[in-house]
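The structure file target_0.cif is reproduced below (mmCIF, C-alpha atoms).
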```
data_coords
loop_
_atom_site.label_atom_id
_atom_site.label_comp_id
_atom_site.auth_asym_id
_atom_site.auth_seq_id
_atom_site.Cartn_x
_atom_site.Cartn_y
_atom_site.Cartn_z
CA MET A 181 13.67 28.60 -86.32
CA ALA A 182 9.91 28.33 -86.70
CA ALA A 183 7.90 31.24 -85.31
CA ALA A 184 5.33 29.01 -83.62
CA LEU A 185 6.70 27.21 -80.57
CA PRO A 186 5.39 23.61 -80.43
CA ILE A 187 4.70 23.26 -76.70
CA LEU A 188 3.99 19.74 -75.47
CA TYR A 189 3.67 20.44 -71.74
CA GLU A 190 3.66 23.54 -69.56
CA ASP A 191 3.04 24.40 -65.94
CA ASN A 192 4.64 26.68 -63.33
CA HIS A 193 7.63 24.34 -62.94
CA LEU A 194 8.39 22.75 -66.33
CA ILE A 195 8.01 23.36 -70.04
CA VAL A 196 8.57 20.82 -72.82
CA VAL A 197 8.81 21.68 -76.51
CA ASN A 198 9.03 19.62 -79.70
CA LYS A 199 12.35 20.73 -81.18
CA ALA A 200 12.83 20.79 -84.93
CA SER A 201 15.84 19.12 -86.51
CA GLY A 202 18.53 21.76 -87.09
CA ASP A 203 17.59 23.92 -84.10
CA LEU A 204 20.10 24.48 -81.30
CA VAL A 205 19.00 23.72 -77.74
CA GLN A 206 21.62 26.05 -76.26
CA GLY A 207 24.16 28.49 -77.66
CA ASP A 208 27.37 27.49 -79.39
CA LYS A 209 30.09 29.17 -81.43
CA THR A 210 27.70 29.76 -84.35
CA GLY A 211 25.79 32.35 -82.35
CA ASP A 212 22.52 31.10 -83.85
CA GLU A 213 19.22 31.62 -82.06
CA THR A 214 18.43 28.74 -79.71
CA VAL A 215 15.34 26.89 -78.54
CA ALA A 216 16.10 28.16 -75.03
CA ASP A 217 16.05 31.77 -76.32
CA HIS A 218 12.73 31.10 -78.04
CA VAL A 219 11.19 29.58 -74.89
CA LYS A 220 12.36 32.48 -72.72
CA ALA A 221 10.81 34.99 -75.12
CA TYR A 222 7.55 33.01 -75.12
CA ILE A 223 7.38 32.93 -71.29
CA LYS A 224 8.27 36.61 -71.01
CA LYS A 225 5.48 37.60 -73.40
CA LYS A 226 2.79 35.20 -72.15
CA TYR A 227 3.24 35.99 -68.46
CA ASN A 228 4.34 39.62 -68.92
CA LYS A 229 7.48 38.99 -66.88
CA PRO A 230 9.82 41.92 -66.24
CA GLY A 231 13.58 41.45 -66.48
CA ASP A 232 15.31 38.18 -67.24
CA VAL A 233 13.32 34.93 -67.38
CA PHE A 234 14.75 31.92 -65.55
CA LEU A 235 15.00 28.82 -67.72
CA GLY A 236 17.14 25.80 -66.93
CA ILE A 237 18.19 23.29 -69.58
CA VAL A 238 17.54 19.84 -68.11
CA HIS A 239 18.83 17.79 -71.04
CA ARG A 240 20.06 18.40 -74.56
CA LEU A 241 19.50 17.02 -78.03
CA ASP A 242 22.11 17.19 -80.78
CA ARG A 243 21.34 19.91 -83.31
CA PRO A 244 20.26 17.47 -86.09
CA VAL A 245 17.93 15.55 -83.72
CA SER A 246 14.25 16.43 -83.33
CA GLY A 247 11.75 15.84 -80.54
CA ALA A 248 10.92 16.46 -76.90
CA VAL A 249 13.21 18.77 -74.91
CA LEU A 250 12.57 19.50 -71.24
CA PHE A 251 13.32 22.79 -69.46
CA GLY A 252 12.97 23.80 -65.82
CA ARG A 253 11.10 27.02 -65.10
CA THR A 254 12.34 27.24 -61.50
CA SER A 255 15.64 26.42 -59.86
CA LYS A 256 13.89 23.83 -57.65
CA ALA A 257 12.40 22.03 -60.65
CA LEU A 258 15.72 22.18 -62.51
CA GLU A 259 17.66 20.72 -59.58
CA ARG A 260 15.17 17.90 -59.02
CA MET A 261 14.93 17.00 -62.70
CA ASN A 262 18.71 17.04 -63.02
CA ALA A 263 18.81 14.54 -60.15
CA GLN A 264 16.27 12.29 -61.89
CA PHE A 265 18.31 12.28 -65.09
CA ARG A 266 21.52 11.67 -63.14
CA GLU A 267 19.96 8.73 -61.28
CA ARG A 268 18.56 7.35 -64.57
CA GLU A 269 14.98 7.65 -63.34
CA VAL A 270 13.73 9.29 -66.54
CA GLN A 271 12.53 6.93 -69.28
CA LYS A 272 13.65 8.32 -72.65
CA THR A 273 12.34 6.79 -75.87
CA TYR A 274 13.67 7.66 -79.31
CA TRP A 275 12.65 6.66 -82.80
CA ALA A 276 15.34 6.16 -85.43
CA ILE A 277 15.04 5.39 -89.14
CA THR A 278 17.79 3.40 -90.85
CA LYS A 279 18.28 1.82 -94.28
CA ASP A 280 19.95 -1.25 -92.78
CA ARG A 281 18.19 -3.97 -90.83
CA PRO A 282 19.61 -4.45 -87.32
CA PRO A 283 21.25 -7.81 -86.54
CA GLN A 284 18.50 -8.71 -84.04
CA THR A 285 14.83 -7.81 -83.78
CA GLN A 286 15.62 -6.46 -80.33
CA ASP A 287 18.78 -6.28 -78.28
CA GLU A 288 20.74 -4.45 -75.61
CA LEU A 289 23.93 -2.74 -76.75
CA VAL A 290 26.88 -2.11 -74.46
CA HIS A 291 29.87 -0.15 -75.76
CA TRP A 292 32.58 2.11 -74.41
CA LEU A 293 32.54 5.56 -76.01
CA LYS A 294 35.24 8.17 -76.37
CA LYS A 295 34.50 11.73 -77.49
CA ASN A 296 36.87 13.70 -79.70
CA HIS A 297 35.85 17.23 -78.76
CA GLU A 298 37.87 18.92 -81.51
CA ALA A 299 36.20 16.86 -84.23
CA ASN A 300 32.86 16.71 -82.35
CA ARG A 301 32.78 13.00 -83.01
CA THR A 302 32.43 9.95 -80.75
CA SER A 303 33.99 6.52 -81.27
CA ALA A 304 32.54 3.25 -79.94
CA PHE A 305 34.62 0.32 -78.70
CA ASN A 306 33.69 -3.18 -77.59
CA LYS A 307 36.05 -3.04 -74.62
CA GLU A 308 36.85 -0.46 -71.98
CA GLY A 309 39.85 1.73 -72.68
CA LYS A 310 41.54 4.88 -71.48
CA GLY A 311 39.18 7.84 -71.50
CA THR A 312 36.10 5.79 -72.42
CA GLN A 313 32.64 5.85 -70.83
CA LYS A 314 30.26 2.90 -70.69
CA ALA A 315 27.15 3.34 -72.84
CA ILE A 316 24.04 1.17 -72.68
CA LEU A 317 20.86 1.22 -74.74
CA SER A 318 18.16 -1.18 -75.86
CA TYR A 319 16.46 -1.17 -79.24
CA LYS A 320 13.49 -2.87 -80.85
CA LEU A 321 12.63 -3.13 -84.54
CA MET A 322 9.19 -1.53 -84.93
CA GLY A 323 8.61 -2.09 -88.61
CA ARG A 324 9.74 -1.76 -92.21
CA ILE A 325 8.20 0.32 -94.97
CA ALA A 326 9.79 0.36 -98.41
CA GLU A 327 13.56 0.52 -97.88
CA TYR A 328 13.35 2.03 -94.39
CA TYR A 329 13.42 0.44 -90.93
CA LEU A 330 12.01 2.09 -87.81
CA LEU A 331 13.75 1.37 -84.50
CA GLU A 332 12.55 2.23 -81.02
CA VAL A 333 15.58 3.06 -78.88
CA LYS A 334 15.74 3.43 -75.10
CA PRO A 335 19.10 4.72 -73.83
CA VAL A 336 20.06 3.82 -70.27
CA THR A 337 23.04 6.16 -70.18
CA GLY A 338 23.28 9.62 -71.73
CA ARG A 339 26.59 9.90 -73.56
CA PRO A 340 27.42 12.36 -76.37
CA HIS A 341 26.10 11.07 -79.72
CA GLN A 342 25.36 7.76 -77.97
CA ILE A 343 22.45 6.47 -80.06
CA ARG A 344 24.03 7.63 -83.29
CA VAL A 345 27.39 5.95 -82.72
CA GLN A 346 26.06 2.77 -81.10
CA LEU A 347 23.65 2.06 -83.95
CA ALA A 348 26.42 2.79 -86.45
CA LYS A 349 28.68 0.36 -84.59
CA ILE A 350 26.25 -2.52 -85.27
CA GLY A 351 25.92 -1.59 -88.94
CA CYS A 352 22.74 0.49 -88.68
CA PRO A 353 23.72 4.15 -89.07
CA ILE A 354 20.81 6.57 -88.83
CA LEU A 355 19.42 7.84 -92.12
CA GLY A 356 20.96 11.22 -92.92
CA ASP A 357 23.69 10.91 -90.28
CA VAL A 358 26.64 11.24 -92.67
CA LYS A 359 29.04 11.81 -89.75
CA TYR A 360 28.51 8.19 -88.65
CA GLY A 361 28.11 6.55 -92.05
CA GLY A 362 24.42 7.14 -92.67
CA ALA A 363 23.03 7.62 -96.15
CA LYS A 364 22.72 11.29 -97.12
CA GLN A 365 19.10 12.39 -97.24
CA GLY A 366 18.14 15.78 -98.62
CA GLY A 367 19.89 18.95 -97.54
CA GLY A 368 20.42 20.83 -94.32
CA GLN A 369 21.07 19.50 -90.84
CA LEU A 370 18.61 16.64 -90.72
CA ILE A 371 19.02 13.14 -89.36
CA TYR A 372 16.21 10.68 -88.71
CA LEU A 373 16.48 10.48 -84.94
CA HIS A 374 13.57 11.78 -82.87
CA SER A 375 13.07 12.15 -79.11
CA ARG A 376 9.67 10.46 -79.10
CA SER A 377 8.73 10.45 -75.40
CA LEU A 378 9.81 11.31 -71.86
CA GLU A 379 8.44 9.66 -68.70
CA PHE A 380 9.27 10.93 -65.23
CA VAL A 381 7.88 11.89 -61.85
CA HIS A 382 6.90 15.56 -61.62
CA PRO A 383 9.51 17.31 -59.47
CA VAL A 384 6.94 19.16 -57.34
CA LYS A 385 3.56 17.43 -57.76
CA LYS A 386 5.18 13.96 -57.47
CA GLU A 387 2.81 12.62 -60.12
CA PRO A 388 3.86 10.48 -63.11
CA VAL A 389 4.19 12.45 -66.34
CA ARG A 390 4.45 11.11 -69.89
CA ILE A 391 5.06 13.42 -72.81
CA ASP A 392 4.89 12.32 -76.45
CA ALA A 393 6.34 14.33 -79.33
CA ALA A 394 4.85 13.95 -82.82
CA VAL A 395 7.36 13.06 -85.53
CA PRO A 396 8.33 15.76 -88.04
CA LYS A 397 6.05 16.46 -91.00
CA ASP A 398 8.56 14.84 -93.30
CA GLN A 399 7.63 12.37 -96.03
CA ILE A 400 9.77 9.54 -94.65
CA TRP A 401 8.73 10.09 -91.02
CA GLN A 402 5.09 10.16 -92.07
CA LEU A 403 5.41 6.64 -93.49
CA PHE A 404 5.61 5.43 -89.89
CA ASN A 405 3.23 7.93 -88.33
CA GLN A 406 0.50 5.35 -87.67
CA LEU A 407 2.69 2.99 -85.61
#
```

Translate this structure into structure tokens?
Amino acid sequence: MAAALPILYEDNHLIVVNKASGDLVQGDKTGDETVADHVKAYIKKKYNKPGDVFLGIVHRLDRPVSGAVLFGRTSKALERMNAQFREREVQKTYWAITKDRPPQTQDELVHWLKKNHEANRTSAFNKEGKGTQKAILSYKLMGRIAEYYLLEVKPVTGRPHQIRVQLAKIGCPILGDVKYGGAKQGGGQLIYLHSRSLEFVHPVKKEPVRIDAAVPKDQIWQLFNQL
């Protein structure tokens, strides 16, 4: 994990960082250092806090996904932001790069997803079935450069691997996302899906907040950096 923490927003209630692809948001069986650990250490040092630092994980990004991740610095902020996510009041925008053109320039996708926890893989179905959850997102084709297409994706629901599996279902797997049929790209845990922006009402100040996360300094991402 990079030594410098890319902070996008910080106050007494919230902190948002621009996560790198391959970094864990929270701990798993690997035991690797997490973004949450890194943020806690940063807060502890900056504010000279004794003892444990409170930090609540409001939402998560898959390990291979980059972009904006929001944390609550107080239990009140965490509870209120959790409620906003639960009530679908947070506008989440992602950018995805694919090597296949989507069927439509823009569309809304509705599928029913089922997670296989042992394989850590989600399947998408066109009809509801036992153990499935409804998943909704909209996408828009932003542009094409060389052999790559950039999609803007706005999920309505927040299901495991939702964007990855829904785009794969329509024949547009994300570049690098081998798990869902994407073309292999380089090494390491990198897929071309980025949490580009978050829009919400501040849990304490009650003011609108918009946070944008710059795309990774990767050659393919930088092709679209001016859009």

Open item on the list: I need the output of the PyMOL selection byres ((chain A and resi 349-365) around 12) for this file as a PyMOL selection string; which residues are they?
Closed with: chain A and resi 201+242-245+274-284+287-293+299-306+319+321+327-331+333+341-348+366-374+398-401

Could you write those residues out with C-alpha atoms, as a CSV table (one decimal), keeping the file's coordinate frame?
```
chain,number,residue,atom,x,y,z
A,201,SER,CA,15.8,19.1,-86.5
A,242,ASP,CA,22.1,17.2,-80.8
A,243,ARG,CA,21.3,19.9,-83.3
A,244,PRO,CA,20.3,17.5,-86.1
A,245,VAL,CA,17.9,15.6,-83.7
A,274,TYR,CA,13.7,7.7,-79.3
A,275,TRP,CA,12.6,6.7,-82.8
A,276,ALA,CA,15.3,6.2,-85.4
A,277,ILE,CA,15.0,5.4,-89.1
A,278,THR,CA,17.8,3.4,-90.8
A,279,LYS,CA,18.3,1.8,-94.3
A,280,ASP,CA,20.0,-1.2,-92.8
A,281,ARG,CA,18.2,-4.0,-90.8
A,282,PRO,CA,19.6,-4.4,-87.3
A,283,PRO,CA,21.2,-7.8,-86.5
A,284,GLN,CA,18.5,-8.7,-84.0
A,287,ASP,CA,18.8,-6.3,-78.3
A,288,GLU,CA,20.7,-4.4,-75.6
A,289,LEU,CA,23.9,-2.7,-76.8
A,290,VAL,CA,26.9,-2.1,-74.5
A,291,HIS,CA,29.9,-0.2,-75.8
A,292,TRP,CA,32.6,2.1,-74.4
A,293,LEU,CA,32.5,5.6,-76.0
A,299,ALA,CA,36.2,16.9,-84.2
A,300,ASN,CA,32.9,16.7,-82.4
A,301,ARG,CA,32.8,13.0,-83.0
A,302,THR,CA,32.4,10.0,-80.8
A,303,SER,CA,34.0,6.5,-81.3
A,304,ALA,CA,32.5,3.2,-79.9
A,305,PHE,CA,34.6,0.3,-78.7
A,306,ASN,CA,33.7,-3.2,-77.6
A,319,TYR,CA,16.5,-1.2,-79.2
A,321,LEU,CA,12.6,-3.1,-84.5
A,327,GLU,CA,13.6,0.5,-97.9
A,328,TYR,CA,13.4,2.0,-94.4
A,329,TYR,CA,13.4,0.4,-90.9
A,330,LEU,CA,12.0,2.1,-87.8
A,331,LEU,CA,13.8,1.4,-84.5
A,333,VAL,CA,15.6,3.1,-78.9
A,341,HIS,CA,26.1,11.1,-79.7
A,342,GLN,CA,25.4,7.8,-78.0
A,343,ILE,CA,22.4,6.5,-80.1
A,344,ARG,CA,24.0,7.6,-83.3
A,345,VAL,CA,27.4,6.0,-82.7
A,346,GLN,CA,26.1,2.8,-81.1
A,347,LEU,CA,23.6,2.1,-84.0
A,348,ALA,CA,26.4,2.8,-86.4
A,366,GLY,CA,18.1,15.8,-98.6
A,367,GLY,CA,19.9,19.0,-97.5
A,368,GLY,CA,20.4,20.8,-94.3
A,369,GLN,CA,21.1,19.5,-90.8
A,370,LEU,CA,18.6,16.6,-90.7
A,371,ILE,CA,19.0,13.1,-89.4
A,372,TYR,CA,16.2,10.7,-88.7
A,373,LEU,CA,16.5,10.5,-84.9
A,374,HIS,CA,13.6,11.8,-82.9
A,398,ASP,CA,8.6,14.8,-93.3
A,399,GLN,CA,7.6,12.4,-96.0
A,400,ILE,CA,9.8,9.5,-94.6
A,401,TRP,CA,8.7,10.1,-91.0
```

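The space between atom CA of Ile237 of chain A and atom CA of Ala184 of chain A spans 19.9 Å.
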
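Here atom CA of Asp212 of chain A stands at a distance of 24.8 Å from atom CA of Tyr189 of chain A.
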
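Look at segment 226-236 of chain A: the protein and nucleic acid residues within 6 Å of it, using only C-alpha atoms and passing over chain neighbours fewer than 4 places away, are Lys220, Phe251, Gly252, Arg253 and Leu258 of chain A.
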
Open item on the list: Could you tell me how far atom CA of Val238 of chain A sits from atom CA of Gln206 of chain A, in Å to one decimal place?
Closed with: 11.0 Å

Open item on the list: Just want the 12 Å neighbourhood of Ala263 of chain A, counted on only C-alpha atoms, with same-chain residues fewer than 5 positions away dropped. Output as a ChimeraX atom specification.
Closed with: /A:238-239,256-258,268-270,380-381,383

Taking C-alpha atoms for each residue, export the selection above as an mmCIF file, keeping the file's coordinate frame.
```cif
data_model
loop_
_atom_site.group_PDB
_atom_site.id
_atom_site.type_symbol
_atom_site.label_atom_id
_atom_site.label_comp_id
_atom_site.auth_asym_id
_atom_site.auth_seq_id
_atom_site.Cartn_x
_atom_site.Cartn_y
_atom_site.Cartn_z
ATOM 1 C CA VAL A 238 17.540 19.840 -68.110
ATOM 2 C CA HIS A 239 18.830 17.790 -71.040
ATOM 3 C CA LYS A 256 13.890 23.830 -57.650
ATOM 4 C CA ALA A 257 12.400 22.030 -60.650
ATOM 5 C CA LEU A 258 15.720 22.180 -62.510
ATOM 6 C CA ARG A 268 18.560 7.350 -64.570
ATOM 7 C CA GLU A 269 14.980 7.650 -63.340
ATOM 8 C CA VAL A 270 13.730 9.290 -66.540
ATOM 9 C CA PHE A 380 9.270 10.930 -65.230
ATOM 10 C CA VAL A 381 7.880 11.890 -61.850
ATOM 11 C CA PRO A 383 9.510 17.310 -59.470
#
```

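Distances to Ala200 of chain A were evaluated for A:Gly309, A:Pro388, A:Pro186, A:Gly338 using all atoms listed in the file, and the minimum falls at A:Pro186.
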
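Take the candidates A:Arg260, A:Lys199, A:Arg376, A:Lys272 and check each one against Asn405 of chain A using only C-alpha atoms; the shortest distance goes to A:Arg376.
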
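Nearest residue to Glu259 of chain A among A:Val384, A:Thr210, A:Val219, A:Lys320 is A:Val384, counting all atoms listed in the file.
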